[in-house]
Amino acid sequence: MKINIKRDSIVCYEVNLENKTLLEILNDIKTTQDASLAYSSGCRSGVCGSCAVKVNSKEVLACSYHVQDGDLVEPLNNTPVIRDLVVDMDKAYSFNAKAKAWQSSIVNNVFLSDEDEKINEVQSDCILCGSCYSACPVYAVNKEFLGPFSLTRVWRYVSDRRELNKKEKIDTIQTNGVWDCTLCNACTLVCPQGISSKADIEKLRARSVMFGYMDPNFASFGFGGGFDGSPVF
Amino acid sequence: MNSVIIIGAGGAGLVAALSAHESGAKVTVITKEYPTRSQTSMAQGGINAVLSDEGGDSVEIHIQNTLKSANGLANETAVNYMCKEAPAAVKWLNSIGVPFSRTKESKIAQRKLGGAYAPRACYAQDYTGLKILHTLYDRSLEAGIEILNERCLLEFITNKDNNGKSYVCGVSVLNKRSGEVEIFEANSVIVATGGYSRVYHDYSTNSVSTTGDGVAAAYLAGARLSDMEFIQFHPTALKNSSILISESARGAGGHLLNSKGERFVNELLPRDEVARAIDDEIAKGYDVFLDIRHLGAEFIENELPQEAKLAKLYENIDPSVELIPIKPAAHYTMGGIEVDEYSSSSISGLFAVGECANHRVHGANRLGGNSLLELVVFGRQAGENAARYANSFDEKVDLSEQKKSFEDKIAKIKEFSSEINFYEKQKELGRLFYKNLGIKREKSTLQALLNEVKEIKNALPKMGVSDKTKEYNTNLVEFLEFKNILELSELILISAISREESRGAHFRVDFPFLDDEKFKAHTIIDRDGAVSYED
């Protein structure tokens, strides 16, 4: 079986393994053929978020993808490549802090029901693998976009009854935030945990409107666009 | 400067960081990956705490269960402290936003794990560790704690005070990206680097990073280690990949079956006993399976979603209708850096917490749900103590000359001939460890393995790295990890050979009984490799 890996140029490796995950194949190449190949891995079981790469242009976790003959493996998009399949996630993760993706205070006396917990159960499954970040087309035009995983994280906290200052959370995500998303849904399609950041961003938009914010794409045109409310581009 | 450096950014490291920060220290966390990629993300089952007396549970029973599972080797004071602090620990996690599963009565949901009298493990589906870790990470960002990613620990730098006692004054790390050695001065250092189960390589449930870096570095700096031979084998890892299937599957009523379809053990005994029973079946030539079919697809989907996904991916089976093939695999290392009641190692200012430390709460066998608990309870305590120590520390040590010597060591490794592929040796060592230092052990094979380890150690100059690149050289990083594994392998073996009895996770075929007279004591290893026993 042949597998193509994007390094400085595309390198083709021949491996005699069938029905293996991409991570198992990368380990085999590293330990038996070419020790210089660089990639990241950790848990092997889809929870540590280390091994996201692109295969045939689609983001996958190397530990959760079964390799097909002729696959092309590349590093994630929208992040600087350090070496081979390893990317620098510092800037991507810095958006969690910029978006203030945390509970704003320590809260002891709010009791959550079973239903309350279910509201953001899926969002709190996020493993920060960066697949959504890589798939997001907004970075082509706005490098400072808070991005899908950070906004999902904000929704996780905003939707939690233990968050007592929801307004501050919503205030923080107005610039380079919820209105910069094109709702293209690319993030949803690549998430290994079944999270839809696009849907979370829509919920954050609805919450923003409740706090008096408007979609700046409309606002900048005043009453622009058709009277039916359709935007003008 | 009251600076505290924390090596490791898993659950223990981040709890300690938050605590030291609250205590007023200037905290820097250094991790070889990124915080959320740590081993803690893999903890599934839950965190033990008695939250009410419903079902007849009590803190006292939690203490008793922990001591019983520890087989006489736990420190009662430490266990008392941990179990009493447990409700406050869970309350604190809840207060910072951990999304624990809830009951219909709006309480934190709890489930029964092996060796527990009652449902006591608070959980978030089977993502308990993941959700705790990520919430701690978010909290650390809120606190503005400095986190330096992608730096491997090289050594703890120590000095001697006027009385000749060692104290830590800094650390050296390898910046993976730049390939540069970096030196950090610190008044105190907290080691939170995790365990050493990857000694077993392919036969471990752990992350590939769990290579005992902090334990090896602490030992080389002169710290005492203890109970290194006590290694927990989780009964249910997937047969082909050693991927963990959580104990919660058995807690919920899952059965263990042999090839004849017979149950052969009470599935909810402590892990050491269940693992031995499975090992016996395998020795008889049977395959062993976990059966959760009768729990129903809906229950599996709601409570064990991760298990279902992993069984599908790695064994290509649907656990709601098929049996899951399993084997025991190395899961948790009870031993580690010997610490006192302040979480301090035998080197002043060097604290340790989490799996790398031995707080003597797990003894010869850890209870499921006590490791997440340990890292919160002792993480908070270690952070406070390290901050206090840092505040009173007034030595000024000049480390500017140190960098060169570490650079020379790296340069020397790069000159090794690499005529032997160390990855092959690592794989082979893991196999031999599983076979001869696994669930059952015996003097002659342990001794042979020790000789093998020494030979591999001597052959290190023929190994080394074929990749000589400076930037992001994972070949080099993995070689450094392999060196740590080798260092610890020898110490585990010496400890296992010396303990001529069977206790908890340490089962000697040639000494199959408990020997309280000689061995109801902790195995201590000093810097010179000498073994002694202490109460």
# chains A, B, ... in the order shown; residues from 1 in each chain; ligands from 1

call {"tool": "interface_residues", "arguments": {"of": "chain A", "to": "chain B", "cutoff": "7 Å", "atoms": "only C-alpha atoms", "output": "ChimeraX atom specification"}}
result
/A:31,35-36,38,42-45,47-50,64,83,97,101-103,106-108,111-114,117,124,162

call {"tool": "select_by_dssp", "arguments": {"residues": "region 54-120 of chain B", "states": "strand (DSSP E or B)", "output": "list of chain:residue names"}}
result
B:Arg102, B:Ile108, B:Gln110, B:Arg111

call {"tool": "write_last_selection", "arguments": {"atoms": "C-alpha atoms", "output": "PDB file, in the first residue's frame"}}
result
ATOM      1  CA  ARG B 102     -26.609  14.717  36.839  1.00  0.00           C
ATOM      2  CA  ILE B 108     -24.060  15.004  40.616  1.00  0.00           C
ATOM      3  CA  GLN B 110     -22.277   8.766  40.773  1.00  0.00           C
ATOM      4  CA  ARG B 111     -21.515   5.242  39.737  1.00  0.00           C
TER       5      ARG B 111
END

call {"tool": "residues_around", "arguments": {"residues": "Ser371 (chain B)", "least_positions_apart": "2", "cutoff": "12 Å", "atoms": "only C-alpha atoms", "output": "ChimeraX atom specification"}}
result
/B:11-12,39-40,42-49,66,82-83,86,121,128-129,194-195,232,331-334,353-362,365-369,373-379

call {"tool": "residues_around", "arguments": {"residues": "Lys98 (chain A)", "least_positions_apart": "3", "cutoff": "9 Å", "atoms": "only C-alpha atoms", "output": "PyMOL selection string"}}
result
chain A and resi 94-95+101+146+150+172-173

call {"tool": "atom_distance", "arguments": {"atom1": "CA of Leu14 (chain B)", "atom2": "CA of Leu67 (chain B)"}}
result
27.4 Å

call {"tool": "select_by_dssp", "arguments": {"residues": "region 176-411 of chain B", "states": "helix (DSSP H, G or I)", "output": "PyMOL selection string"}}
result
chain B and resi 197-203+213-220+248-251+271-283+293-295+297-303+305-315+354-356+370-392+402-411

call {"tool": "residues_around", "arguments": {"residues": "region 436-450 of chain B", "least_positions_apart": "5", "cutoff": "6 Å", "atoms": "only C-alpha atoms", "output": "PyMOL selection string"}}
result
chain B and resi 507-510

call {"tool": "residues_around", "arguments": {"residues": "region 72-75 of chain A", "least_positions_apart": "2", "cutoff": "12 Å", "atoms": "only C-alpha atoms", "output": "JSON, numbers by chain"}}
result
{"A": [2, 3, 4, 5, 6, 7, 8, 9, 10, 11, 12, 13, 22, 23, 25, 26, 38, 39, 40, 50, 51, 52, 53, 54, 55, 56, 57, 58, 59, 60, 61, 62, 65, 67, 68, 69, 70, 77, 78, 79, 80, 81, 82, 83, 84, 85, 86, 87, 88, 89, 130, 131, 134, 135]}

call {"tool": "residues_around", "arguments": {"residues": "Phe211 (chain A)", "least_positions_apart": "6", "cutoff": "10 Å", "atoms": "only C-alpha atoms", "output": "PyMOL selection string"}}
result
chain A and resi 166-167+170-171+205

call {"tool": "write_last_selection", "arguments": {"atoms": "C-alpha atoms", "output": "CSV table (one decimal), in the first residue's frame"}}
result
chain,number,residue,atom,x,y,z
A,166,LYS,CA,-23.7,36.1,30.3
A,167,LYS,CA,-23.7,39.6,29.1
A,170,ILE,CA,-21.6,37.9,24.8
A,171,ASP,CA,-19.9,41.4,24.7
A,205,ARG,CA,-26.0,35.2,17.6

call {"tool": "decode", "arguments": {"residues": "region 126-140 of chain A", "atoms": "N, CA, C and O atoms", "output": "mmCIF file, in the first residue's frame"}}
result
data_model
loop_
_atom_site.group_PDB
_atom_site.id
_atom_site.type_symbol
_atom_site.label_atom_id
_atom_site.label_comp_id
_atom_site.auth_asym_id
_atom_site.auth_seq_id
_atom_site.Cartn_x
_atom_site.Cartn_y
_atom_site.Cartn_z
ATOM 1 N N CYS A 126 -15.557 18.604 23.404
ATOM 2 C CA CYS A 126 -14.496 19.113 22.514
ATOM 3 C C CYS A 126 -13.123 18.689 23.013
ATOM 4 O O CYS A 126 -12.830 18.762 24.201
ATOM 5 N N ILE A 127 -12.264 18.248 22.082
ATOM 6 C CA ILE A 127 -10.914 17.794 22.441
ATOM 7 C C ILE A 127 -9.837 18.764 21.932
ATOM 8 O O ILE A 127 -8.650 18.470 22.009
ATOM 9 N N LEU A 128 -10.258 19.901 21.397
ATOM 10 C CA LEU A 128 -9.319 20.920 20.886
ATOM 11 C C LEU A 128 -8.316 20.366 19.877
ATOM 12 O O LEU A 128 -7.134 20.715 19.910
ATOM 13 N N CYS A 129 -8.794 19.519 18.988
ATOM 14 C CA CYS A 129 -7.893 18.946 17.983
ATOM 15 C C CYS A 129 -7.570 19.943 16.876
ATOM 16 O O CYS A 129 -6.602 19.767 16.150
ATOM 17 N N GLY A 130 -8.423 20.970 16.738
ATOM 18 C CA GLY A 130 -8.171 21.993 15.730
ATOM 19 C C GLY A 130 -8.684 21.662 14.339
ATOM 20 O O GLY A 130 -8.434 22.419 13.394
ATOM 21 N N SER A 131 -9.409 20.568 14.179
ATOM 22 C CA SER A 131 -9.935 20.219 12.854
ATOM 23 C C SER A 131 -10.843 21.320 12.311
ATOM 24 O O SER A 131 -10.733 21.720 11.150
ATOM 25 N N CYS A 132 -11.722 21.828 13.166
ATOM 26 C CA CYS A 132 -12.665 22.876 12.740
ATOM 27 C C CYS A 132 -11.906 24.138 12.340
ATOM 28 O O CYS A 132 -12.236 24.805 11.365
ATOM 29 N N TYR A 133 -10.892 24.445 13.119
ATOM 30 C CA TYR A 133 -10.076 25.636 12.879
ATOM 31 C C TYR A 133 -9.417 25.548 11.505
ATOM 32 O O TYR A 133 -9.352 26.511 10.748
ATOM 33 N N SER A 134 -8.943 24.339 11.191
ATOM 34 C CA SER A 134 -8.282 24.114 9.907
ATOM 35 C C SER A 134 -9.257 24.215 8.741
ATOM 36 O O SER A 134 -8.916 24.713 7.665
ATOM 37 N N ALA A 135 -10.480 23.763 8.971
ATOM 38 C CA ALA A 135 -11.466 23.733 7.878
ATOM 39 C C ALA A 135 -12.135 25.085 7.655
ATOM 40 O O ALA A 135 -12.796 25.299 6.638
ATOM 41 N N CYS A 136 -11.948 26.001 8.596
ATOM 42 C CA CYS A 136 -12.705 27.263 8.558
ATOM 43 C C CYS A 136 -12.189 28.189 7.450
ATOM 44 O O CYS A 136 -11.014 28.553 7.445
ATOM 45 N N PRO A 137 -13.062 28.605 6.527
ATOM 46 C CA PRO A 137 -12.620 29.476 5.430
ATOM 47 C C PRO A 137 -12.455 30.943 5.837
ATOM 48 O O PRO A 137 -11.854 31.725 5.102
ATOM 49 N N VAL A 138 -12.966 31.310 7.012
ATOM 50 C CA VAL A 138 -12.920 32.723 7.407
ATOM 51 C C VAL A 138 -11.480 33.217 7.560
ATOM 52 O O VAL A 138 -11.175 34.379 7.295
ATOM 53 N N TYR A 139 -10.573 32.304 7.962
ATOM 54 C CA TYR A 139 -9.181 32.727 8.194
ATOM 55 C C TYR A 139 -8.496 33.241 6.928
ATOM 56 O O TYR A 139 -7.500 33.952 7.012
ATOM 57 N N ALA A 140 -9.045 32.901 5.780
ATOM 58 C CA ALA A 140 -8.470 33.425 4.537
ATOM 59 C C ALA A 140 -8.634 34.939 4.476
ATOM 60 O O ALA A 140 -7.836 35.636 3.850
#
